[in-house]
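Student: Hey, dropping query30.tsv in here, TSV, C-alpha atoms:
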chain	number	residue	atom	x	y	z
A	29	MET	CA	-12.12	183.46	59.09
A	30	LEU	CA	-11.06	183.06	62.69
A	31	GLN	CA	-13.76	182.16	65.21
A	32	MET	CA	-13.32	183.65	68.67
A	33	THR	CA	-14.11	181.35	71.60
A	34	PRO	CA	-14.71	182.68	75.11
A	35	PRO	CA	-12.16	181.72	77.76
A	36	THR	CA	-13.10	178.66	79.77
A	37	GLU	CA	-10.70	179.11	82.68
A	38	THR	CA	-11.27	181.43	85.59
A	39	GLY	CA	-8.68	184.15	85.93
A	40	PRO	CA	-6.87	185.10	89.16
A	41	LEU	CA	-9.04	188.20	89.61
A	42	ALA	CA	-12.26	186.19	89.38
A	43	LYS	CA	-10.91	183.63	91.84
A	44	ARG	CA	-9.98	186.40	94.26
A	45	GLU	CA	-13.46	187.90	93.95
A	46	ALA	CA	-15.03	184.49	94.57
A	47	ARG	CA	-12.93	183.99	97.71
A	48	LEU	CA	-13.89	187.45	98.91
A	49	ALA	CA	-17.58	186.77	98.25
A	50	TRP	CA	-17.48	183.47	100.14
A	51	GLY	CA	-15.63	185.15	102.99
A	52	LEU	CA	-18.34	187.80	103.24
A	53	LEU	CA	-21.07	185.16	103.10
A	54	LEU	CA	-19.43	182.87	105.66
A	55	PRO	CA	-20.88	184.62	108.77
A	56	THR	CA	-24.37	184.51	107.24
A	57	ILE	CA	-24.05	180.86	106.26
A	58	THR	CA	-22.75	179.98	109.72
A	59	ALA	CA	-25.61	181.83	111.43
A	60	VAL	CA	-28.21	180.12	109.24
A	61	ALA	CA	-26.64	176.72	109.91
A	62	LEU	CA	-26.65	177.29	113.67
A	63	VAL	CA	-30.14	178.80	113.88
A	64	VAL	CA	-32.03	176.82	111.22
A	65	VAL	CA	-30.20	173.82	109.81
A	66	LEU	CA	-28.87	172.25	113.00
A	67	PRO	CA	-32.22	172.35	114.88
A	68	LEU	CA	-33.92	170.98	111.77
A	69	LEU	CA	-31.46	168.09	111.57
A	70	ALA	CA	-31.96	167.45	115.30
A	71	ILE	CA	-35.73	167.22	114.78
A	72	PHE	CA	-35.26	164.76	111.91
A	73	TRP	CA	-32.94	162.68	114.10
A	74	ILE	CA	-35.32	162.61	117.08
A	75	SER	CA	-38.30	161.75	114.88
A	76	PHE	CA	-36.77	158.31	114.22
A	77	LYS	CA	-35.87	157.65	117.86
A	78	PRO	CA	-38.07	155.89	120.46
A	79	VAL	CA	-37.52	158.73	122.92
A	80	GLU	CA	-39.87	160.05	125.59
A	81	LEU	CA	-39.63	163.13	127.76
A	82	GLY	CA	-37.94	161.21	130.57
A	83	ASP	CA	-35.28	159.87	128.18
A	84	LEU	CA	-33.81	163.31	127.51
A	85	ARG	CA	-31.72	162.83	130.64
A	86	ALA	CA	-29.18	160.04	130.21
A	87	PRO	CA	-29.37	157.11	132.67
A	88	GLU	CA	-27.15	157.62	135.69
A	89	VAL	CA	-26.38	156.16	139.10
A	90	VAL	CA	-28.16	158.16	141.80
A	91	LEU	CA	-26.51	157.90	145.23
A	92	ARG	CA	-27.69	159.06	148.67
A	93	GLU	CA	-25.35	158.79	151.68
A	94	ASP	CA	-26.02	159.16	155.42
A	95	ILE	CA	-25.12	157.62	158.78
A	96	ARG	CA	-27.60	155.63	160.85
A	97	GLY	CA	-27.30	154.79	164.55
A	98	ASP	CA	-25.90	156.37	167.73
A	99	THR	CA	-23.10	158.86	167.11
A	100	ASP	CA	-23.07	160.85	170.36
A	101	ALA	CA	-20.31	159.12	172.35
A	102	VAL	CA	-17.06	157.27	171.85
A	103	GLY	CA	-17.68	153.58	171.29
A	104	ASP	CA	-21.15	153.95	169.79
A	105	GLU	CA	-21.89	151.71	166.85
A	106	ALA	CA	-23.46	153.00	163.64
A	107	ASN	CA	-23.74	152.23	159.92
A	108	ILE	CA	-22.75	154.35	156.95
A	109	ARG	CA	-25.61	153.79	154.52
A	110	TYR	CA	-25.31	154.13	150.75
A	111	ARG	CA	-28.54	154.03	148.79
A	112	LEU	CA	-28.09	153.72	145.04
A	113	ARG	CA	-30.49	153.31	142.13
A	114	ASN	CA	-30.62	153.30	138.36
A	115	SER	CA	-32.40	156.51	137.32
A	116	SER	CA	-33.80	154.84	134.19
A	117	ARG	CA	-36.67	152.37	134.06
A	118	ASP	CA	-35.79	151.30	130.53
A	119	GLN	CA	-32.00	151.41	130.09
A	120	PRO	CA	-29.40	149.26	131.91
A	121	ILE	CA	-26.13	150.61	133.31
A	122	THR	CA	-22.95	148.54	133.05
A	123	GLY	CA	-19.81	148.69	135.18
A	124	VAL	CA	-21.39	150.48	138.15
A	125	THR	CA	-18.87	151.57	140.79
A	126	PHE	CA	-18.70	154.20	143.48
A	127	SER	CA	-15.93	155.54	145.68
A	128	ASP	CA	-15.96	157.54	148.89
A	129	THR	CA	-13.70	158.70	151.70
A	130	ILE	CA	-14.50	157.56	155.23
A	131	PRO	CA	-14.28	160.51	157.68
A	132	GLU	CA	-11.66	160.61	160.44
A	133	GLY	CA	-12.81	159.02	163.68
A	134	LEU	CA	-14.93	156.28	162.12
A	135	SER	CA	-13.39	152.85	162.57
A	136	VAL	CA	-14.70	150.46	159.95
A	137	ARG	CA	-15.51	147.03	161.37
A	138	GLU	CA	-16.17	145.24	158.07
A	139	VAL	CA	-16.95	146.06	154.46
A	140	ASP	CA	-19.34	144.63	151.89
A	141	PRO	CA	-17.80	141.77	149.85
A	142	ARG	CA	-18.10	143.93	146.73
A	143	CYS	CA	-16.11	146.75	148.35
A	144	THR	CA	-12.45	147.35	149.19
A	145	LEU	CA	-11.04	149.74	151.78
A	146	ASN	CA	-7.56	151.22	151.38
A	147	GLU	CA	-6.85	153.26	154.52
A	148	ARG	CA	-9.91	155.53	154.31
A	149	ALA	CA	-10.59	155.24	150.57
A	150	LEU	CA	-13.66	153.07	149.96
A	151	ARG	CA	-14.37	151.63	146.53
A	152	CYS	CA	-17.27	149.32	145.59
A	153	ASP	CA	-17.76	147.44	142.32
A	154	LEU	CA	-21.47	146.66	141.84
A	155	GLY	CA	-21.32	145.16	138.34
A	156	ASP	CA	-24.08	145.58	135.76
A	157	TRP	CA	-27.50	146.92	136.65
A	158	GLU	CA	-30.84	146.21	135.06
A	159	PRO	CA	-33.31	149.08	134.54
A	160	GLY	CA	-34.73	150.35	137.82
A	161	THR	CA	-32.20	148.50	140.02
A	162	ARG	CA	-31.84	149.66	143.62
A	163	GLU	CA	-29.01	148.83	146.04
A	164	THR	CA	-28.38	149.58	149.73
A	165	ILE	CA	-24.89	149.09	151.18
A	166	LEU	CA	-24.19	149.30	154.92
A	167	ILE	CA	-20.69	149.87	156.31
A	168	PRO	CA	-20.58	149.19	160.12
A	169	VAL	CA	-18.38	151.67	162.00
A	170	ILE	CA	-17.40	152.53	165.61
A	171	ILE	CA	-17.37	156.14	166.80
A	172	GLU	CA	-14.02	157.51	167.95
A	173	GLN	CA	-13.09	160.82	169.61
A	174	ALA	CA	-11.71	162.30	166.40
A	175	TYR	CA	-15.12	162.00	164.78
A	176	LEU	CA	-16.72	163.96	167.62
A	177	ASP	CA	-13.98	166.61	167.49
A	178	THR	CA	-14.08	167.27	163.74
A	179	GLY	CA	-17.86	167.21	163.35
A	180	LEU	CA	-17.56	165.92	159.77
A	181	ARG	CA	-20.30	163.57	158.60
A	182	PRO	CA	-20.05	160.96	155.81
A	183	GLN	CA	-22.37	162.98	153.58
A	184	ASP	CA	-20.06	166.00	153.85
A	185	SER	CA	-17.66	164.36	151.38
A	186	ALA	CA	-19.52	163.61	148.14
A	187	ALA	CA	-19.18	160.08	146.83
A	188	SER	CA	-18.43	159.64	143.11
A	189	THR	CA	-20.11	157.07	140.89
A	190	THR	CA	-19.26	155.60	137.48
A	191	GLY	CA	-21.20	153.55	134.97
A	192	LYS	CA	-21.86	153.23	131.26
A	193	ALA	CA	-25.33	153.52	129.76
A	194	SER	CA	-26.72	153.79	126.27
A	195	ASN	CA	-28.43	157.11	125.60
A	196	VAL	CA	-31.47	156.71	123.37
A	197	LEU	CA	-30.72	160.06	121.74
A	198	THR	CA	-27.24	159.05	120.59
A	199	ASN	CA	-27.34	155.27	120.17
A	200	SER	CA	-28.01	153.39	116.92
A	201	THR	CA	-31.61	152.47	117.74
A	202	PHE	CA	-34.06	153.82	115.16
A	203	THR	CA	-37.73	153.19	114.59
A	204	PHE	CA	-40.60	154.14	112.28
A	205	GLU	CA	-43.09	153.70	115.11
A	206	ASN	CA	-43.41	157.46	115.59
A	207	PHE	CA	-44.61	157.98	112.02
A	208	ALA	CA	-46.75	154.84	112.14
A	209	ARG	CA	-48.49	156.16	115.24
A	210	ILE	CA	-49.18	159.48	113.50
A	211	PHE	CA	-50.67	158.09	110.28
A	212	ASN	CA	-52.65	155.24	111.86
A	213	GLY	CA	-56.35	155.99	112.24
A	214	ASP	CA	-58.45	158.93	111.14
A	215	GLU	CA	-57.14	161.35	113.77
A	216	PHE	CA	-54.21	162.59	111.70
A	217	PHE	CA	-56.30	163.36	108.64
A	218	GLU	CA	-58.86	165.18	110.76
A	219	VAL	CA	-56.08	167.30	112.26
A	220	LEU	CA	-54.62	167.89	108.79
A	221	TRP	CA	-58.01	169.01	107.47
A	222	VAL	CA	-58.45	171.42	110.39
A	223	THR	CA	-54.95	172.81	109.76
A	224	LEU	CA	-55.65	173.34	106.05
A	225	PHE	CA	-59.01	174.99	106.74
A	226	TYR	CA	-57.50	177.29	109.32
A	227	THR	CA	-54.50	178.13	107.13
A	228	VAL	CA	-56.23	178.63	103.78
A	229	PHE	CA	-59.20	180.67	105.00
A	230	GLY	CA	-57.09	182.55	107.55
A	231	THR	CA	-54.56	183.50	104.87
A	232	ILE	CA	-57.07	184.46	102.19
A	233	GLY	CA	-59.23	186.31	104.70
A	234	ALA	CA	-56.29	188.33	106.02
A	235	LEU	CA	-55.33	189.31	102.44
A	236	LEU	CA	-58.88	190.32	101.47
A	237	VAL	CA	-59.48	192.36	104.63
A	238	GLY	CA	-56.05	193.95	104.28
A	239	LEU	CA	-56.83	194.82	100.64
A	240	PHE	CA	-60.17	196.33	101.61
A	241	ALA	CA	-58.54	198.39	104.39
A	242	ALA	CA	-55.86	199.60	101.99
A	243	LEU	CA	-58.51	200.73	99.50
A	244	LEU	CA	-60.25	202.71	102.23
A	245	LEU	CA	-57.08	204.52	103.27
A	246	ASN	CA	-55.57	205.01	99.83
A	247	LYS	CA	-57.04	208.52	99.65
A	248	SER	CA	-56.04	211.36	101.94
A	249	PHE	CA	-58.68	212.61	104.35
A	250	LYS	CA	-58.90	214.12	107.81
A	251	GLY	CA	-58.13	211.60	110.55
A	252	GLN	CA	-56.34	209.20	108.21
A	253	GLY	CA	-53.36	208.82	110.53
A	254	ILE	CA	-55.53	207.96	113.53
A	255	LEU	CA	-57.41	205.36	111.52
A	256	ARG	CA	-54.15	203.79	110.35
A	257	GLY	CA	-53.01	203.50	113.94
A	258	LEU	CA	-56.27	201.79	114.91
A	259	TYR	CA	-55.87	199.36	112.03
A	260	LEU	CA	-52.45	198.35	113.38
A	261	PHE	CA	-53.75	197.68	116.90
A	262	PRO	CA	-54.60	193.96	116.41
A	263	TYR	CA	-51.12	193.22	115.08
A	264	VAL	CA	-49.06	195.14	117.64
A	265	ALA	CA	-51.13	194.23	120.71
A	266	PRO	CA	-49.83	191.32	122.86
A	267	VAL	CA	-51.40	188.06	121.74
A	268	ILE	CA	-52.24	187.06	125.32
A	269	ALA	CA	-54.13	190.31	125.89
A	270	VAL	CA	-56.21	190.15	122.72
A	271	ALA	CA	-56.87	186.40	123.08
A	272	PHE	CA	-58.27	186.81	126.58
A	273	ALA	CA	-60.23	189.88	125.45
A	274	TRP	CA	-61.94	187.72	122.81
A	275	LEU	CA	-62.62	184.97	125.35
A	276	ILE	CA	-64.23	187.45	127.73
A	277	LEU	CA	-66.20	189.13	124.94
A	278	PHE	CA	-67.63	185.84	123.64
A	279	ASP	CA	-68.01	184.10	126.99
A	280	PRO	CA	-71.32	182.14	127.05
A	281	PHE	CA	-72.14	183.25	130.61
A	282	SER	CA	-70.92	186.83	130.95
A	283	GLY	CA	-69.82	187.87	127.47
A	284	SER	CA	-71.13	191.09	125.93
A	285	ALA	CA	-71.56	189.48	122.52
A	286	ASN	CA	-73.92	186.81	123.84
A	287	ALA	CA	-75.89	189.33	125.90
A	288	LEU	CA	-76.37	191.52	122.82
A	289	LEU	CA	-77.46	188.61	120.62
A	290	VAL	CA	-79.99	187.41	123.19
A	291	GLN	CA	-81.46	190.89	123.73
A	292	MET	CA	-81.76	191.42	119.97
A	293	GLY	CA	-83.57	188.09	119.62
A	294	VAL	CA	-80.96	186.63	117.27
A	295	THR	CA	-80.59	183.55	119.48
A	296	PRO	CA	-82.81	182.29	122.33
A	297	GLU	CA	-79.84	181.25	124.47
A	298	ALA	CA	-76.14	181.98	124.85
A	299	ILE	CA	-73.75	180.47	122.30
A	300	ASN	CA	-70.51	178.79	123.32
A	301	PHE	CA	-68.44	180.31	120.52
A	302	PHE	CA	-65.15	178.62	121.48
A	303	GLY	CA	-66.58	175.36	122.77
A	304	GLU	CA	-68.80	173.98	119.99
A	305	ARG	CA	-68.01	172.34	116.68
A	306	PRO	CA	-67.61	173.71	114.03
A	307	LEU	CA	-68.17	177.20	115.44
A	308	ALA	CA	-64.91	177.12	117.43
A	309	LEU	CA	-62.86	176.53	114.28
A	310	ILE	CA	-64.64	179.37	112.50
A	311	MET	CA	-64.03	181.69	115.45
A	312	VAL	CA	-60.30	180.98	115.67
A	313	THR	CA	-60.07	181.52	111.90
A	314	ILE	CA	-61.84	184.88	112.24
A	315	PHE	CA	-59.46	185.77	115.07
A	316	GLU	CA	-56.53	184.91	112.79
A	317	ILE	CA	-57.93	187.16	110.04
A	318	TRP	CA	-58.59	190.03	112.46
A	319	ARG	CA	-55.20	189.80	114.13
A	320	TYR	CA	-52.99	189.61	111.03
A	321	PHE	CA	-54.78	191.65	108.36
A	322	PRO	CA	-52.77	194.80	109.35
A	323	LEU	CA	-49.58	193.24	107.94
A	324	SER	CA	-51.25	192.75	104.55
A	325	PHE	CA	-52.79	196.21	104.83
A	326	LEU	CA	-49.40	197.90	105.26
A	327	PHE	CA	-47.73	196.16	102.32
A	328	ILE	CA	-50.69	196.54	99.98
A	329	LEU	CA	-51.15	200.22	100.86
A	330	ALA	CA	-47.47	200.91	100.25
A	331	ARG	CA	-47.69	199.23	96.83
A	332	MET	CA	-50.91	201.05	95.89
A	333	GLN	CA	-49.41	204.44	96.70
A	334	SER	CA	-46.46	203.71	94.41
A	335	ILE	CA	-48.71	203.15	91.36
A	336	ASP	CA	-48.58	206.01	88.86
A	337	SER	CA	-51.74	208.10	89.19
A	338	ASP	CA	-51.65	209.04	85.49
A	339	MET	CA	-53.14	205.64	84.60
A	340	TYR	CA	-56.17	206.28	86.78
A	341	GLU	CA	-56.62	209.77	85.33
A	342	ALA	CA	-56.50	208.39	81.78
A	343	ALA	CA	-58.93	205.60	82.67
A	344	ASP	CA	-61.27	208.11	84.30
A	345	MET	CA	-61.24	210.26	81.16
A	346	ASP	CA	-62.07	207.15	79.09
A	347	GLY	CA	-65.14	206.54	81.26
A	348	ALA	CA	-63.88	203.57	83.33
A	349	SER	CA	-65.86	202.91	86.49
A	350	PRO	CA	-64.12	202.68	89.90
A	351	PHE	CA	-64.51	198.91	89.85
A	352	GLN	CA	-62.99	198.69	86.34
A	353	GLN	CA	-60.08	200.87	87.46
A	354	PHE	CA	-59.52	198.61	90.42
A	355	TRP	CA	-59.84	195.35	88.49
A	356	TYR	CA	-57.88	196.25	85.36
A	357	LEU	CA	-55.35	198.72	86.78
A	358	SER	CA	-54.83	198.07	90.50
A	359	VAL	CA	-55.08	194.29	90.65
A	360	PRO	CA	-52.38	193.60	87.99
A	361	GLN	CA	-50.06	195.97	89.83
A	362	LEU	CA	-50.78	194.25	93.16
A	363	LEU	CA	-50.34	190.63	92.03
A	364	GLY	CA	-46.66	190.57	92.96
A	365	ILE	CA	-47.09	191.79	96.54
A	366	LEU	CA	-50.21	189.66	96.98
A	367	SER	CA	-48.27	186.56	95.93
A	368	VAL	CA	-45.48	187.29	98.42
A	369	LEU	CA	-47.98	187.97	101.21
A	370	PHE	CA	-49.92	184.81	100.43
A	371	LEU	CA	-46.75	182.70	100.58
A	372	LEU	CA	-45.57	184.25	103.85
A	373	ARG	CA	-48.97	184.26	105.54
A	374	PHE	CA	-49.63	180.65	104.51
A	375	ILE	CA	-46.34	179.48	106.06
A	376	TRP	CA	-46.81	181.55	109.23
A	377	THR	CA	-50.43	180.50	109.70
A	378	PHE	CA	-49.63	176.84	109.09
A	379	ASN	CA	-47.04	177.10	111.87
A	380	LYS	CA	-49.29	179.10	114.20
A	381	PHE	CA	-49.63	177.67	117.70
A	382	ASP	CA	-50.13	180.35	120.34
A	383	ASP	CA	-53.42	181.80	119.03
A	384	ILE	CA	-55.29	178.49	118.95
A	385	PHE	CA	-53.74	177.26	122.19
A	386	LEU	CA	-54.77	180.42	124.05
A	387	LEU	CA	-58.31	180.46	122.64
A	388	THR	CA	-59.33	176.80	122.76
A	389	GLY	CA	-56.31	174.71	123.74
A	390	GLY	CA	-56.96	172.63	120.62
A	391	ASN	CA	-60.39	171.49	121.84
A	392	ALA	CA	-63.75	171.58	120.05
A	393	GLY	CA	-62.32	170.60	116.67
A	394	THR	CA	-59.51	173.20	116.57
A	395	ARG	CA	-56.58	170.84	116.98
A	396	THR	CA	-53.98	171.70	114.35
A	397	LEU	CA	-50.67	170.03	113.57
A	398	THR	CA	-48.72	172.48	115.72
A	399	VAL	CA	-51.00	171.82	118.69
A	400	ASN	CA	-50.53	168.12	118.00
A	401	VAL	CA	-46.75	168.60	118.27
A	402	TYR	CA	-47.19	170.10	121.74
A	403	GLU	CA	-49.60	167.40	122.90
A	404	GLN	CA	-47.44	164.53	121.65
A	405	ALA	CA	-44.19	165.95	123.03
A	406	PHE	CA	-45.36	167.29	126.40
A	407	ALA	CA	-48.88	166.15	127.24
A	408	VAL	CA	-48.17	162.52	126.25
A	409	SER	CA	-44.40	162.90	126.94
A	410	ASN	CA	-43.51	161.32	123.58
A	411	ILE	CA	-40.76	163.52	122.18
A	412	GLY	CA	-40.20	161.25	119.17
A	413	ALA	CA	-43.83	161.43	118.05
A	414	GLY	CA	-43.84	165.21	118.50
A	415	ALA	CA	-40.72	165.50	116.35
A	416	ALA	CA	-42.34	163.25	113.74
A	417	VAL	CA	-45.33	165.61	113.52
A	418	ALA	CA	-42.89	168.52	113.14
A	419	VAL	CA	-41.22	166.69	110.25
A	420	VAL	CA	-44.65	166.25	108.62
A	421	ILE	CA	-45.25	170.01	108.99
A	422	PHE	CA	-41.90	170.72	107.37
A	423	GLY	CA	-42.71	168.34	104.49
A	424	CYS	CA	-46.11	169.97	103.90
A	425	LEU	CA	-44.66	173.49	103.87
A	426	LEU	CA	-41.75	172.48	101.65
A	427	THR	CA	-44.12	170.87	99.14
A	428	PHE	CA	-46.37	173.92	99.14
A	429	SER	CA	-43.45	176.35	98.73
A	430	ILE	CA	-41.99	174.41	95.79
A	431	PHE	CA	-45.38	174.17	94.10
A	432	PHE	CA	-46.14	177.85	94.70
A	433	LEU	CA	-42.79	179.16	93.48
A	434	LYS	CA	-42.71	176.85	90.45
A	435	TYR	CA	-46.25	177.14	89.10
A	436	ILE	CA	-48.30	179.90	90.71
A	437	SER	CA	-45.94	182.87	90.96
A	438	GLN	CA	-43.96	182.60	87.74
A	439	GLU	CA	-45.75	185.55	86.16
A	440	GLU	CA	-44.96	187.71	89.15
A	441	GLY	CA	-41.23	187.07	88.80
A	442	LEU	CA	-40.77	185.32	92.16
In structure tokens, how does this file's structure come out?
Tutor:
Amino acid sequence: MLQMTPPTETGPLAKREARLAWGLLLPTITAVALVVVLPLLAIFWISFKPVELGDLRAPEVVLREDIRGDTDAVGDEANIRYRLRNSSRDQPITGVTFSDTIPEGLSVREVDPRCTLNERALRCDLGDWEPGTRETILIPVIIEQAYLDTGLRPQDSAASTTGKASNVLTNSTFTFENFARIFNGDEFFEVLWVTLFYTVFGTIGALLVGLFAALLLNKSFKGQGILRGLYLFPYVAPVIAVAFAWLILFDPFSGSANALLVQMGVTPEAINFFGERPLALIMVTIFEIWRYFPLSFLFILARMQSIDSDMYEAADMDGASPFQQFWYLSVPQLLGILSVLFLLRFIWTFNKFDDIFLLTGGNAGTRTLTVNVYEQAFAVSNIGAGAAVAVVIFGCLLTFSIFFLKYISQEEGL
């Protein structure tokens, strides 16, 4: 009996289809590489470099040129002054030269030993410079009539400079100091704990409030559309507007919330909601829940309205209570969308920066990893340390995503 074996080679039609598929995917792959992969690789590269904010600009020779002395009459003596400096305080520049053209009507009396003059072409070789080097070169000249007639000044013709310097962003110098600075001490773990608290409770809270709102609006009633629009207000409103509205509302001196609590006798004095530990962290977490529950509400409501109503009618005829219908019928149907929302909201909240920065600036125990990136890169001017914190954020989110997709959401088919 003959045994049939499937072909192992790919036919010409399959190869043509594969080429067509890759051709269609090429624009998408290119866009993802340009938008996501290349910036990510740049952050990894910078995280191992001893680079500060001032190092982003490569060292260069800075030159200022002017003429000093009397230049009003023929025969006056003056000096063409060149002031040069190394723009970097850390990096040397080798092979420094500059060249310039002497204007008509200026008779050069002598030149610096490091310079040569060919007709009116001046060239100076200044050698190698240490970091922060400054040089001043004076070229004595005599004023002639042609200079007065033309009105051209030495600074009217720009001098050109040359020099080689090592750029800290592109050289072969690497260091682990950025990561060592992050993990040394208890500060990093405190920031990590704040980030996890803010992310976990903000994500779960937004899902629970969104689920509750979806249950309220799952039935048709008069004014349902208006209420849906009001539910969407926190999500669609500008973050700056709502953040400052919360700050004004909970201001310890003139806020309505404090005035109401004092008049009701809840507290004897005003509370600094965004300035005290741990209340500030709780408040920014509540703000996160309030602002982003509408996204969960929309997805959950859409999924609930797609569930077959016959199941609920059969359960109602069997005597199931509303809670039993929700727990045994609705929840299993919602696990898939809840898993997706939890994954997305966790990643977005972990990366959240603007809400906390607008509300507290990272003070009063609300400093998260994203705020730490900003402070390291711009407040402390240490770009390398800021990139290292960003790499840590990427590692945390990648670990969470792999764990979530491999173990938690298998039953939901993700």
Student: So how far away is CA of Ala70 in chain A from CA of Ser200 in chain A, in Å?
Tutor: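 We find that CA of Ser200 in chain A and CA of Ala70 in chain A lie 14.7 Å from each other.
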Student: Of the candidates A:Val196, A:Ile436, A:Leu260, A:Ile268, which shows the shortest atom-to-atom distance to Trp73 in chain A, using all atoms listed in the file?
Tutor: A:Val196
Student: From (-37.8, 160.7, 125.7), in the file's coordinates, out to 7 Å: which residues are reached, counting all atoms listed in the file? Answer as an mmCIF file with C-alpha atoms, in the frame of the given file.
Tutor:
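File written: point.cif
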data_model
loop_
_atom_site.group_PDB
_atom_site.id
_atom_site.type_symbol
_atom_site.label_atom_id
_atom_site.label_comp_id
_atom_site.auth_asym_id
_atom_site.auth_seq_id
_atom_site.Cartn_x
_atom_site.Cartn_y
_atom_site.Cartn_z
ATOM 1 C CA VAL A 79 -37.520 158.730 122.920
ATOM 2 C CA GLU A 80 -39.870 160.050 125.590
ATOM 3 C CA LEU A 81 -39.630 163.130 127.760
ATOM 4 C CA GLY A 82 -37.940 161.210 130.570
ATOM 5 C CA ASP A 83 -35.280 159.870 128.180
ATOM 6 C CA LEU A 84 -33.810 163.310 127.510
ATOM 7 C CA ASN A 410 -43.510 161.320 123.580
ATOM 8 C CA ILE A 411 -40.760 163.520 122.180
ATOM 9 C CA GLY A 412 -40.200 161.250 119.170
#
Student: Got a sec: who's within 12 Å of range 363-367 of chain A, counting all atoms listed in the file, leaving out chain neighbours fewer than 4 positions off, as number ranges by chain?
Tutor: A: 231-232, 234-236, 238-239, 323-332, 355-359, 371-374, 429, 432-433, 435-442
Student: What is the distance, in Å and to one decimal place, between CA of Ser349 in chain A and CA of Ala241 in chain A?
Tutor: 19.9 Å
Student: Separation of CA of Gln352 in chain A and CA of Ile314 in chain A, in Å?
Tutor: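 Separation between CA of Gln352 in chain A and CA of Ile314 in chain A: 29.4 Å.
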Student: For range 271-274 of chain A, please output as an MDAnalysis selection string all residues within 9 Å (counting only C-alpha atoms; exclusion window: fewer than 3 positions along the same chain).
Tutor: chainID A and resid 266:268 277:279 315 383 386:387
Student: Can you tell me, as a PyMOL selection string, what residues are no more than 9 Å from Tyr226 in chain A when counting all atoms listed in the file, ignoring any on the same chain fewer than 6 positions away?
Tutor: chain A and resi 309-310+312-313+316+377-378+394+396
Student: Env of Tyr340 in chain A: 10 Å cut, atoms = all atoms listed in the file, seq-sep filter 6 positions within chain, self excluded. Answer as a list in words.
Tutor: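 Everything that qualifies: Asp346, Ala348, Pro350, Gln353, Phe354, Leu357 and Ser358 of chain A.
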Student: With all atoms listed in the file as the counted atoms, please give the residues lying no more than 10 Å from Ser115 in chain A, apart from itself and same-chain residues fewer than 4 positions off, as a list in words.
Tutor: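 The contact residues come out as Gly82, Arg85, Ala86, Pro87, Glu88, Val89, Val90, Leu91, Gln119, Pro120, Ile121, Pro159, Gly160, Thr161 and Arg162 of chain A.
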Student: Give the answer as one residue: which of A:Pro182, A:Gly133, A:Gly123, A:Pro360 has the shortest atom-to-atom distance to Gly155 in chain A, using only C-alpha atoms?
Tutor: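 Closest candidate: A:Gly123.
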Student: Dump as a list in words all residues having an atom at most 10 Å from (-30.3, 149.0, 151.4), computed in the file's coordinates with all atoms listed in the file.
Tutor: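 Those within range, by chain then number, are Arg109, Tyr110, Arg111, Leu112, Arg162, Glu163, Thr164, Ile165 and Leu166 of chain A.
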Student: Would you please work out which residue, of A:Ala49, A:Gly347, A:Gly251, A:Ala298, is nearest to Ser284 in chain A when using only C-alpha atoms?
Tutor: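 The answer is A:Ala298, which sits nearest to Ser284 in chain A.
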Student: Output as a PDB file, keeping the file's coordinate frame: range 403-413 of chain A, completed with N, CA and C atoms.
Tutor:
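Saved file part_21.pdb follows:
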ATOM      1  N   GLU A 403     -48.939 168.461 122.131  1.00  0.00           N
ATOM      2  CA  GLU A 403     -49.600 167.400 122.900  1.00  0.00           C
ATOM      3  C   GLU A 403     -48.782 166.110 122.878  1.00  0.00           C
ATOM      4  N   GLN A 404     -48.229 165.756 121.723  1.00  0.00           N
ATOM      5  CA  GLN A 404     -47.440 164.530 121.650  1.00  0.00           C
ATOM      6  C   GLN A 404     -46.157 164.659 122.476  1.00  0.00           C
ATOM      7  N   ALA A 405     -45.500 165.807 122.393  1.00  0.00           N
ATOM      8  CA  ALA A 405     -44.190 165.950 123.030  1.00  0.00           C
ATOM      9  C   ALA A 405     -44.289 166.164 124.530  1.00  0.00           C
ATOM     10  N   PHE A 406     -45.317 166.901 124.996  1.00  0.00           N
ATOM     11  CA  PHE A 406     -45.360 167.290 126.400  1.00  0.00           C
ATOM     12  C   PHE A 406     -46.549 166.709 127.147  1.00  0.00           C
ATOM     13  N   ALA A 407     -47.723 166.708 126.546  1.00  0.00           N
ATOM     14  CA  ALA A 407     -48.880 166.150 127.240  1.00  0.00           C
ATOM     15  C   ALA A 407     -48.767 164.626 127.346  1.00  0.00           C
ATOM     16  N   VAL A 408     -48.342 163.969 126.255  1.00  0.00           N
ATOM     17  CA  VAL A 408     -48.170 162.520 126.250  1.00  0.00           C
ATOM     18  C   VAL A 408     -46.733 162.131 126.581  1.00  0.00           C
ATOM     19  N   SER A 409     -45.830 163.105 126.635  1.00  0.00           N
ATOM     20  CA  SER A 409     -44.400 162.900 126.940  1.00  0.00           C
ATOM     21  C   SER A 409     -43.697 162.046 125.912  1.00  0.00           C
ATOM     22  N   ASN A 410     -44.153 162.081 124.657  1.00  0.00           N
ATOM     23  CA  ASN A 410     -43.510 161.320 123.580  1.00  0.00           C
ATOM     24  C   ASN A 410     -42.804 162.309 122.655  1.00  0.00           C
ATOM     25  N   ILE A 411     -41.528 162.555 122.954  1.00  0.00           N
ATOM     26  CA  ILE A 411     -40.760 163.520 122.180  1.00  0.00           C
ATOM     27  C   ILE A 411     -40.593 163.061 120.736  1.00  0.00           C
ATOM     28  N   GLY A 412     -40.391 161.773 120.529  1.00  0.00           N
ATOM     29  CA  GLY A 412     -40.200 161.250 119.170  1.00  0.00           C
ATOM     30  C   GLY A 412     -41.412 161.477 118.295  1.00  0.00           C
ATOM     31  N   ALA A 413     -42.614 161.213 118.833  1.00  0.00           N
ATOM     32  CA  ALA A 413     -43.830 161.430 118.050  1.00  0.00           C
ATOM     33  C   ALA A 413     -44.035 162.914 117.759  1.00  0.00           C
TER      34      ALA A 413
END
